[in-house]
Amino acid sequence: MPAECTPSNSECIAQAARWLAEADHLLILTGAGLSAESGIPTFRDAQTGFWARFSPQDLATPEAFADNPERVWNWYHWRRTLIARGGVNAGHRAIAELARRSPTTLVTQNVDGLHAAAGSNPVHELHGNIWRERCPGCGCVDLRPIAESTDEEPPCCTACGHMARPDVVWFGETLPGPALEAAQQALERADCVLVVGTSNRVYPAAAIVDAAVRSSARVIELNPAATPVSSQVDCRITAAAGTALPALLR
Ligand code: BV8
Ligand code: ZN
């Protein structure tokens, strides 16, 4: 069983901090929990307001978009507004600082663009980016700055007029090869893997963590709740990312 750390369990935090400092190559994998403290509901949190009646799994699909593109676009506009309002939190900033201290590969399941906004570069986005739009017609892509988005009509492609879609990976769609490739290469080199704020249930992203716990790397899981890999990691920090990550840096 891994050592279970809470920020009050200081020698355990100190051990995890030592592992991070000693790492020759650090792989960091993040999920929606990292952005929770920015006020962005995770996929497992109940959504609020109008969206409380919908499950993200039902909205983040090609079928939902084909069936009702306006509704799906309104959901993405709502999430863009939350992201622009919440912005980067201490967890995002701590991860950018970690990568300045050790050779790091940062892979995220999040589409909110907040790692880049916190200064992380490169960020390997397994599930795309909510601020990028893609035209199903001619494939052209348009990236918008993180800004308050209004409830516009679904945007149309400037090249061919076709209705654009969010450039994110929906359920049933394949992940971008380069991001998966970057994660695979990092797994082969990493001697320390930090898994932050993910329920480890969405594949193939979760397969990265499954491979990490089978590898010789030291795996640290940061999540207030248990996940399917919690009993297999080397160190579990059961705390919020916005609190524990800055503590690990200190
Ligand atoms: C694919 C972009 C192949 C869109 C997303 C059965 C078995 C295995 C697989 C499947 C299956 N049935 C279906 C599948 C495939 C499916 C899948 O895995 N489904 C799951 C639900 C079982 N996967 C796919 O469809 C993938 N594609 O397989 O294609 C293929 C292709 C063609 C033909 C055949 C096959 C595509 C998956 C990508 C989907 N897109 N996002 C958008 O965002 O709008 S995934 C979406 O959900 C998010 O990006 C996110 O990654 C994911 C949710 O995961 P988390 O990030 O972990 O978030 P979650 O809410 O789950 O958990 C948050 C965690 O944070 C919690 O543990 C919580 O405790 C913790 N937390 C909370 N607060 C904090 C915190 N931690 C730290 N600090 C805090 N403060
Ligand atoms: Zn087009």
# chains A, B, ... in the order shown; residues from 1 in each chain; ligands from 1
$ residues_near_ligand --ligand "ligand 1" --cutoff "8 Å" --atoms "only C-alpha atoms and all ligand atoms" --output "compact mmCIF listing (two decimals) with N, CA and C atoms, in the first residue's frame"
# COMPACT_ATOMS: atom_id res chain seq x y z
N THR A 30 -2.30 15.52 -16.04
CA THR A 30 -3.33 16.23 -15.25
C THR A 30 -4.73 16.00 -15.82
N GLY A 31 -5.72 16.17 -14.95
CA GLY A 31 -7.12 16.03 -15.32
C GLY A 31 -7.93 17.18 -14.75
N ALA A 32 -9.24 17.07 -14.91
CA ALA A 32 -10.16 18.18 -14.60
C ALA A 32 -10.04 18.66 -13.17
N GLY A 33 -9.60 17.80 -12.26
CA GLY A 33 -9.49 18.20 -10.84
C GLY A 33 -8.51 19.34 -10.64
N LEU A 34 -7.52 19.45 -11.55
CA LEU A 34 -6.54 20.55 -11.39
C LEU A 34 -7.22 21.91 -11.60
N SER A 35 -8.24 21.95 -12.45
CA SER A 35 -8.93 23.22 -12.72
C SER A 35 -10.14 23.44 -11.84
N ALA A 36 -10.42 22.45 -10.96
CA ALA A 36 -11.62 22.57 -10.10
C ALA A 36 -11.54 23.85 -9.26
N GLU A 37 -10.34 24.17 -8.77
CA GLU A 37 -10.21 25.35 -7.89
C GLU A 37 -10.22 26.66 -8.69
N PRO A 41 -16.30 23.16 -13.19
CA PRO A 41 -16.75 21.85 -12.71
C PRO A 41 -16.01 20.72 -13.42
N THR A 42 -15.65 19.68 -12.65
CA THR A 42 -15.01 18.52 -13.29
C THR A 42 -16.10 17.71 -13.99
N PHE A 43 -15.71 16.70 -14.72
CA PHE A 43 -16.70 15.89 -15.43
C PHE A 43 -17.54 15.08 -14.46
N ARG A 44 -16.96 14.79 -13.30
CA ARG A 44 -17.71 14.01 -12.31
C ARG A 44 -18.55 14.91 -11.42
N ASP A 45 -18.13 16.17 -11.26
CA ASP A 45 -18.97 17.10 -10.46
C ASP A 45 -20.29 17.26 -11.19
N PRO A 56 -22.03 15.57 -19.08
CA PRO A 56 -21.00 15.90 -20.08
C PRO A 56 -20.80 14.77 -21.09
N GLN A 57 -20.92 13.52 -20.59
CA GLN A 57 -20.71 12.41 -21.53
C GLN A 57 -21.72 12.48 -22.67
N LEU A 59 -23.05 15.33 -23.84
CA LEU A 59 -22.85 16.54 -24.66
C LEU A 59 -21.54 16.45 -25.46
N ALA A 60 -20.52 15.82 -24.88
CA ALA A 60 -19.20 15.77 -25.55
C ALA A 60 -19.15 14.60 -26.52
N THR A 61 -20.08 14.60 -27.49
CA THR A 61 -20.12 13.51 -28.48
C THR A 61 -20.47 14.08 -29.86
N TYR A 76 -20.23 24.79 -24.69
CA TYR A 76 -18.82 25.17 -24.78
C TYR A 76 -18.64 26.66 -24.48
N THR A 108 -1.88 16.69 -20.60
CA THR A 108 -3.13 16.98 -19.90
C THR A 108 -4.34 16.44 -20.64
N GLN A 109 -5.36 16.07 -19.89
CA GLN A 109 -6.65 15.69 -20.47
C GLN A 109 -7.55 16.93 -20.57
N ASN A 110 -7.12 18.02 -19.96
CA ASN A 110 -7.95 19.22 -19.90
C ASN A 110 -7.91 19.98 -21.21
N VAL A 111 -9.01 20.59 -21.53
CA VAL A 111 -9.12 21.34 -22.80
C VAL A 111 -9.14 22.84 -22.54
N LEU A 126 -4.15 15.94 -24.77
CA LEU A 126 -4.70 14.66 -25.28
C LEU A 126 -6.10 14.84 -25.86
N HIS A 127 -6.86 15.80 -25.30
CA HIS A 127 -8.27 15.92 -25.70
C HIS A 127 -8.57 17.22 -26.42
N GLY A 128 -7.53 17.87 -26.95
CA GLY A 128 -7.76 19.09 -27.73
C GLY A 128 -7.84 20.32 -26.84
N ASN A 129 -8.40 21.39 -27.43
CA ASN A 129 -8.41 22.68 -26.75
C ASN A 129 -9.71 23.42 -27.05
N ILE A 130 -10.40 23.80 -25.98
CA ILE A 130 -11.74 24.42 -26.10
C ILE A 130 -11.66 25.77 -26.79
N VAL A 168 -11.97 19.77 -29.97
CA VAL A 168 -11.72 18.89 -28.81
C VAL A 168 -12.03 17.46 -29.25
N VAL A 169 -11.56 16.48 -28.46
CA VAL A 169 -11.79 15.07 -28.78
C VAL A 169 -13.07 14.65 -28.06
N TRP A 170 -14.10 14.30 -28.80
CA TRP A 170 -15.35 13.85 -28.17
C TRP A 170 -15.29 12.36 -27.89
N PHE A 171 -16.20 11.87 -27.06
CA PHE A 171 -16.24 10.42 -26.78
C PHE A 171 -16.51 9.69 -28.09
N GLY A 172 -15.72 8.63 -28.31
CA GLY A 172 -15.84 7.87 -29.56
C GLY A 172 -14.90 8.37 -30.62
N GLU A 173 -14.17 9.46 -30.35
CA GLU A 173 -13.22 9.99 -31.35
C GLU A 173 -11.79 9.65 -30.93
N THR A 174 -10.93 9.58 -31.91
CA THR A 174 -9.54 9.20 -31.59
C THR A 174 -8.76 10.42 -31.12
N LEU A 175 -7.76 10.14 -30.29
CA LEU A 175 -6.93 11.21 -29.73
C LEU A 175 -5.83 11.61 -30.73
N VAL A 196 -2.23 14.18 -11.39
CA VAL A 196 -2.97 15.19 -10.63
C VAL A 196 -4.41 15.33 -11.12
N GLY A 197 -5.37 15.13 -10.21
CA GLY A 197 -6.75 15.54 -10.48
C GLY A 197 -7.44 14.80 -11.59
N THR A 198 -7.18 13.49 -11.68
CA THR A 198 -7.92 12.72 -12.68
C THR A 198 -8.50 11.47 -12.04
N SER A 199 -9.72 11.13 -12.50
CA SER A 199 -10.41 9.95 -11.97
C SER A 199 -9.89 8.67 -12.62
N ASN A 200 -8.98 8.83 -13.59
CA ASN A 200 -8.38 7.66 -14.26
C ASN A 200 -9.43 6.72 -14.82
N ARG A 201 -10.48 7.28 -15.37
CA ARG A 201 -11.53 6.41 -15.92
C ARG A 201 -11.69 6.56 -17.42
N VAL A 202 -11.15 7.63 -17.99
CA VAL A 202 -11.36 7.87 -19.42
C VAL A 202 -10.14 7.35 -20.19
N TYR A 203 -10.41 6.42 -21.11
CA TYR A 203 -9.34 5.82 -21.91
C TYR A 203 -9.30 6.47 -23.28
N PRO A 204 -8.20 6.44 -23.98
CA PRO A 204 -6.92 5.82 -23.60
C PRO A 204 -6.02 6.67 -22.70
N ALA A 205 -6.47 7.86 -22.25
CA ALA A 205 -5.61 8.68 -21.35
C ALA A 205 -5.28 7.88 -20.09
N ALA A 206 -6.27 7.20 -19.55
CA ALA A 206 -6.03 6.47 -18.29
C ALA A 206 -5.01 5.35 -18.48
N LEU A 222 -2.01 12.71 -6.82
CA LEU A 222 -2.54 13.84 -6.04
C LEU A 222 -4.01 13.97 -6.37
N ASN A 223 -4.86 13.60 -5.38
CA ASN A 223 -6.30 13.61 -5.60
C ASN A 223 -6.98 13.45 -4.25
N PRO A 224 -7.95 14.33 -3.93
CA PRO A 224 -8.61 14.19 -2.61
C PRO A 224 -9.39 12.87 -2.49
N ALA A 225 -9.76 12.31 -3.65
CA ALA A 225 -10.55 11.06 -3.61
C ALA A 225 -9.74 9.91 -4.19
N ALA A 226 -10.20 8.69 -3.89
CA ALA A 226 -9.52 7.50 -4.40
C ALA A 226 -9.89 7.31 -5.87
N THR A 227 -8.98 6.66 -6.59
CA THR A 227 -9.25 6.32 -8.00
C THR A 227 -8.85 4.85 -8.20
N ALA A 239 -5.27 15.39 -1.18
CA ALA A 239 -5.49 16.82 -0.90
C ALA A 239 -5.84 17.51 -2.21
N ALA A 240 -6.21 18.77 -2.10
CA ALA A 240 -6.53 19.56 -3.30
C ALA A 240 -5.22 20.02 -3.96
N ALA A 241 -5.24 20.05 -5.29
CA ALA A 241 -4.02 20.39 -6.03
C ALA A 241 -3.53 21.80 -5.70
N GLY A 242 -4.48 22.72 -5.54
CA GLY A 242 -4.10 24.12 -5.30
C GLY A 242 -3.39 24.32 -3.97
$ residues_near_ligand --ligand "ligand 2" --cutoff "6 Å" --atoms "only C-alpha atoms and all ligand atoms" --output "VMD selection string"
chain A and resid 135 137 to 140 157 159 to 162
$ select_by_dssp --residues "stretch 11-120 of chain A" --states "strand (DSSP E)" --output "ChimeraX atom specification"
/A:26-30,104-108
$ write_last_selection --atoms "N, CA and C atoms" --output "mmCIF file, in the first residue's frame"
data_model
loop_
_atom_site.group_PDB
_atom_site.id
_atom_site.type_symbol
_atom_site.label_atom_id
_atom_site.label_comp_id
_atom_site.auth_asym_id
_atom_site.auth_seq_id
_atom_site.Cartn_x
_atom_site.Cartn_y
_atom_site.Cartn_z
ATOM 1 N N LEU A 26 10.609 13.875 -15.394
ATOM 2 C CA LEU A 26 9.316 13.872 -14.710
ATOM 3 C C LEU A 26 8.205 13.881 -15.758
ATOM 4 N N LEU A 27 7.254 12.959 -15.617
ATOM 5 C CA LEU A 27 6.042 12.985 -16.453
ATOM 6 C C LEU A 27 4.894 13.460 -15.550
ATOM 7 N N ILE A 28 4.230 14.520 -15.956
ATOM 8 C CA ILE A 28 3.071 15.023 -15.198
ATOM 9 C C ILE A 28 1.834 14.828 -16.066
ATOM 10 N N LEU A 29 0.820 14.136 -15.508
ATOM 11 C CA LEU A 29 -0.445 13.949 -16.221
ATOM 12 C C LEU A 29 -1.545 14.614 -15.401
ATOM 13 N N THR A 30 -2.302 15.516 -16.036
ATOM 14 C CA THR A 30 -3.333 16.227 -15.251
ATOM 15 C C THR A 30 -4.731 15.998 -15.822
ATOM 16 N N THR A 104 10.823 17.882 -17.794
ATOM 17 C CA THR A 104 9.433 17.464 -17.563
ATOM 18 C C THR A 104 8.675 17.331 -18.881
ATOM 19 N N THR A 105 7.812 16.333 -18.931
ATOM 20 C CA THR A 105 6.811 16.248 -20.016
ATOM 21 C C THR A 105 5.448 16.450 -19.369
ATOM 22 N N LEU A 106 4.728 17.455 -19.842
ATOM 23 C CA LEU A 106 3.396 17.749 -19.284
ATOM 24 C C LEU A 106 2.329 17.287 -20.275
ATOM 25 N N VAL A 107 1.491 16.373 -19.817
ATOM 26 C CA VAL A 107 0.408 15.830 -20.650
ATOM 27 C C VAL A 107 -0.902 16.098 -19.900
ATOM 28 N N THR A 108 -1.878 16.690 -20.601
ATOM 29 C CA THR A 108 -3.134 16.985 -19.904
ATOM 30 C C THR A 108 -4.336 16.437 -20.645
#
$ residues_around --residues "A:His25" --least-positions-apart "5" --cutoff "9 Å" --atoms "only C-alpha atoms" --output "mmCIF file with N, CA, C and O atoms, in the first residue's frame"
data_model
loop_
_atom_site.group_PDB
_atom_site.id
_atom_site.type_symbol
_atom_site.label_atom_id
_atom_site.label_comp_id
_atom_site.auth_asym_id
_atom_site.auth_seq_id
_atom_site.Cartn_x
_atom_site.Cartn_y
_atom_site.Cartn_z
ATOM 1 N N SER A 102 12.931 20.681 -13.276
ATOM 2 C CA SER A 102 13.370 19.344 -13.737
ATOM 3 C C SER A 102 12.930 19.149 -15.185
ATOM 4 O O SER A 102 11.895 19.691 -15.593
ATOM 5 N N PRO A 103 13.662 18.322 -15.949
ATOM 6 C CA PRO A 103 13.199 17.957 -17.299
ATOM 7 C C PRO A 103 11.823 17.296 -17.164
ATOM 8 O O PRO A 103 11.677 16.303 -16.445
ATOM 9 N N THR A 104 10.823 17.882 -17.794
ATOM 10 C CA THR A 104 9.433 17.464 -17.563
ATOM 11 C C THR A 104 8.675 17.331 -18.881
ATOM 12 O O THR A 104 8.890 18.120 -19.798
ATOM 13 N N THR A 105 7.812 16.333 -18.931
ATOM 14 C CA THR A 105 6.811 16.248 -20.016
ATOM 15 C C THR A 105 5.448 16.450 -19.369
ATOM 16 O O THR A 105 5.100 15.720 -18.430
ATOM 17 N N ALA A 186 7.534 9.817 -23.035
ATOM 18 C CA ALA A 186 7.830 10.244 -21.654
ATOM 19 C C ALA A 186 7.770 9.045 -20.710
ATOM 20 O O ALA A 186 8.591 8.911 -19.801
ATOM 21 N N ARG A 189 10.950 7.246 -20.529
ATOM 22 C CA ARG A 189 12.096 7.927 -19.910
ATOM 23 C C ARG A 189 11.845 8.299 -18.442
ATOM 24 O O ARG A 189 12.793 8.476 -17.684
ATOM 25 N N ALA A 190 10.605 8.391 -18.052
ATOM 26 C CA ALA A 190 10.304 8.990 -16.737
ATOM 27 C C ALA A 190 10.735 8.090 -15.591
ATOM 28 O O ALA A 190 10.470 6.886 -15.601
ATOM 29 N N ASP A 191 11.394 8.708 -14.593
ATOM 30 C CA ASP A 191 11.677 7.952 -13.368
ATOM 31 C C ASP A 191 10.753 8.420 -12.246
ATOM 32 O O ASP A 191 10.743 7.886 -11.154
ATOM 33 N N CYS A 192 9.916 9.442 -12.589
ATOM 34 C CA CYS A 192 8.910 9.901 -11.628
ATOM 35 C C CYS A 192 7.690 10.377 -12.410
ATOM 36 O O CYS A 192 7.823 11.080 -13.415
ATOM 37 N N VAL A 193 6.505 9.944 -11.981
ATOM 38 C CA VAL A 193 5.253 10.331 -12.647
ATOM 39 C C VAL A 193 4.325 10.955 -11.604
ATOM 40 O O VAL A 193 4.086 10.357 -10.548
#
$ select_by_dssp --residues "stretch 55-154 of chain A" --states "alpha helix (DSSP H)" --output "VMD selection string"
chain A and resid 56 to 59 62 to 67 69 to 86 90 to 101 114 to 117
$ write_last_selection --atoms "N, CA and C atoms" --output "CSV table (one decimal), in the first residue's frame"
chain,number,residue,atom,x,y,z
A,56,PRO,N,-22.0,15.6,-19.1
A,56,PRO,CA,-21.0,15.9,-20.1
A,56,PRO,C,-20.8,14.8,-21.1
A,57,GLN,N,-20.9,13.5,-20.6
A,57,GLN,CA,-20.7,12.4,-21.5
A,57,GLN,C,-21.7,12.5,-22.7
A,58,ASP,N,-22.9,13.1,-22.4
A,58,ASP,CA,-23.9,13.1,-23.4
A,58,ASP,C,-23.7,14.3,-24.4
A,59,LEU,N,-23.0,15.3,-23.8
A,59,LEU,CA,-22.8,16.5,-24.7
A,59,LEU,C,-21.5,16.5,-25.5
A,62,PRO,N,-20.0,13.4,-30.9
A,62,PRO,CA,-20.4,13.9,-32.3
A,62,PRO,C,-21.9,13.8,-32.5
A,63,GLU,N,-22.5,12.8,-31.9
A,63,GLU,CA,-24.0,12.6,-32.0
A,63,GLU,C,-24.7,13.9,-31.5
A,64,ALA,N,-24.3,14.3,-30.3
A,64,ALA,CA,-25.0,15.5,-29.6
A,64,ALA,C,-24.8,16.7,-30.6
A,65,PHE,N,-23.6,16.8,-31.2
A,65,PHE,CA,-23.4,18.0,-32.0
A,65,PHE,C,-24.2,17.9,-33.3
A,66,ALA,N,-24.3,16.7,-33.8
A,66,ALA,CA,-25.1,16.5,-35.1
A,66,ALA,C,-26.5,16.8,-34.8
A,67,ASP,N,-27.0,16.3,-33.6
A,67,ASP,CA,-28.4,16.4,-33.2
A,67,ASP,C,-28.8,17.9,-32.9
A,69,PRO,N,-26.4,21.2,-32.6
A,69,PRO,CA,-25.1,22.0,-32.5
A,69,PRO,C,-25.2,23.2,-31.7
A,70,GLU,N,-26.4,23.9,-31.7
A,70,GLU,CA,-26.5,25.1,-30.9
A,70,GLU,C,-26.4,24.8,-29.4
A,71,ARG,N,-27.0,23.7,-29.0
A,71,ARG,CA,-27.0,23.4,-27.6
A,71,ARG,C,-25.5,23.0,-27.2
A,72,VAL,N,-24.8,22.3,-28.0
A,72,VAL,CA,-23.4,21.9,-27.7
A,72,VAL,C,-22.6,23.1,-27.7
A,73,TRP,N,-22.8,24.0,-28.7
A,73,TRP,CA,-22.0,25.2,-28.7
A,73,TRP,C,-22.3,26.1,-27.5
A,74,ASN,N,-23.5,26.2,-27.0
A,74,ASN,CA,-23.8,27.0,-25.8
A,74,ASN,C,-23.1,26.4,-24.6
A,75,TRP,N,-23.0,25.0,-24.6
A,75,TRP,CA,-22.3,24.4,-23.5
A,75,TRP,C,-20.9,24.8,-23.5
A,76,TYR,N,-20.2,24.8,-24.7
A,76,TYR,CA,-18.8,25.2,-24.8
A,76,TYR,C,-18.6,26.7,-24.5
A,77,HIS,N,-19.6,27.5,-24.9
A,77,HIS,CA,-19.5,28.9,-24.6
A,77,HIS,C,-19.6,29.1,-23.1
A,78,TRP,N,-20.5,28.4,-22.4
A,78,TRP,CA,-20.6,28.5,-21.0
A,78,TRP,C,-19.3,28.1,-20.3
A,79,ARG,N,-18.7,27.0,-20.7
A,79,ARG,CA,-17.4,26.5,-20.2
A,79,ARG,C,-16.3,27.5,-20.4
A,80,ARG,N,-16.3,28.1,-21.7
A,80,ARG,CA,-15.3,29.1,-22.0
A,80,ARG,C,-15.4,30.3,-21.0
A,81,THR,N,-16.7,30.7,-20.7
A,81,THR,CA,-16.9,31.8,-19.8
A,81,THR,C,-16.3,31.5,-18.4
A,82,LEU,N,-16.6,30.3,-18.0
A,82,LEU,CA,-16.1,29.9,-16.6
A,82,LEU,C,-14.6,29.9,-16.6
A,83,ILE,N,-14.0,29.4,-17.7
A,83,ILE,CA,-12.5,29.3,-17.7
A,83,ILE,C,-11.9,30.7,-17.7
A,84,ALA,N,-12.5,31.6,-18.6
A,84,ALA,CA,-12.0,33.0,-18.7
A,84,ALA,C,-12.2,33.7,-17.3
A,85,ARG,N,-13.3,33.4,-16.6
A,85,ARG,CA,-13.5,34.1,-15.3
A,85,ARG,C,-12.6,33.5,-14.2
A,86,GLY,N,-12.5,32.2,-14.2
A,86,GLY,CA,-11.7,31.5,-13.1
A,86,GLY,C,-10.2,31.7,-13.3
A,90,ALA,N,-3.3,28.3,-8.3
A,90,ALA,CA,-1.9,28.0,-7.7
A,90,ALA,C,-1.4,26.6,-8.2
A,91,GLY,N,-2.3,25.7,-8.5
A,91,GLY,CA,-1.9,24.4,-9.0
A,91,GLY,C,-1.2,24.5,-10.4
A,92,HIS,N,-1.9,25.3,-11.3
A,92,HIS,CA,-1.3,25.4,-12.6
A,92,HIS,C,0.1,26.1,-12.5
A,93,ARG,N,0.1,27.1,-11.7
A,93,ARG,CA,1.4,27.9,-11.5
A,93,ARG,C,2.5,27.0,-10.9
A,94,ALA,N,2.1,26.1,-10.0
A,94,ALA,CA,3.1,25.2,-9.4
A,94,ALA,C,3.6,24.2,-10.4
A,95,ILE,N,2.8,23.8,-11.3
A,95,ILE,CA,3.2,22.8,-12.3
A,95,ILE,C,4.2,23.5,-13.3
A,96,ALA,N,3.9,24.7,-13.6
A,96,ALA,CA,4.8,25.4,-14.5
A,96,ALA,C,6.2,25.6,-13.8
A,97,GLU,N,6.2,25.8,-12.5
A,97,GLU,CA,7.5,26.0,-11.7
A,97,GLU,C,8.2,24.6,-11.7
A,98,LEU,N,7.4,23.5,-11.4
A,98,LEU,CA,8.1,22.2,-11.4
A,98,LEU,C,8.8,21.9,-12.7
A,99,ALA,N,8.2,22.3,-13.8
A,99,ALA,CA,8.9,22.0,-15.1
A,99,ALA,C,10.1,22.9,-15.4
A,100,ARG,N,10.2,24.0,-14.6
A,100,ARG,CA,11.4,24.9,-14.7
A,100,ARG,C,12.5,24.3,-13.9
A,101,ARG,N,12.2,23.3,-13.0
A,101,ARG,CA,13.2,22.8,-12.1
A,101,ARG,C,13.7,21.4,-12.6
A,114,LEU,N,-5.4,26.3,-19.6
A,114,LEU,CA,-4.9,27.0,-18.4
A,114,LEU,C,-3.5,26.6,-18.1
A,115,HIS,N,-3.0,25.5,-18.5
A,115,HIS,CA,-1.5,25.2,-18.4
A,115,HIS,C,-0.7,26.2,-19.2
A,116,ALA,N,-1.1,26.4,-20.4
A,116,ALA,CA,-0.3,27.4,-21.3
A,116,ALA,C,-0.5,28.8,-20.7
A,117,ALA,N,-1.6,29.1,-20.2
A,117,ALA,CA,-1.9,30.4,-19.6
A,117,ALA,C,-1.0,30.6,-18.4
$ atom_distance --atom1 "atom CA of A:Thr238" --atom2 "atom CA of A:Leu187"
23.6 Å
$ atom_distance --atom1 "atom CA of A:Ile220" --atom2 "atom CA of A:Ala21"
12.9 Å
$ atom_distance --atom1 "atom CA of A:Ala179" --atom2 "atom CA of A:Asp142"
19.0 Å
$ closest_atom_pairs --of "stretch 209-235 of chain A" --to "stretch 13-17 of chain A" --cutoff "12 Å" --atoms "only C-alpha atoms" --output "CSV"
residue,atom,partner,partner_atom,distance
A:Arg218,CA,A:Ala16,CA,9.3
A:Val219,CA,A:Ala16,CA,9.3
A:Ile220,CA,A:Ala16,CA,7.0
A:Glu221,CA,A:Ala16,CA,9.8
A:Leu222,CA,A:Ala16,CA,10.3
A:Val233,CA,A:Ala16,CA,11.8
A:Asp234,CA,A:Ala16,CA,9.3
A:Cys235,CA,A:Ala16,CA,7.0
$ closest_residue --among "A:Phe54, A:Ile237, A:Gly113, A:Pro136" --to "A:Met163" --atoms "only C-alpha atoms"
A:Pro136
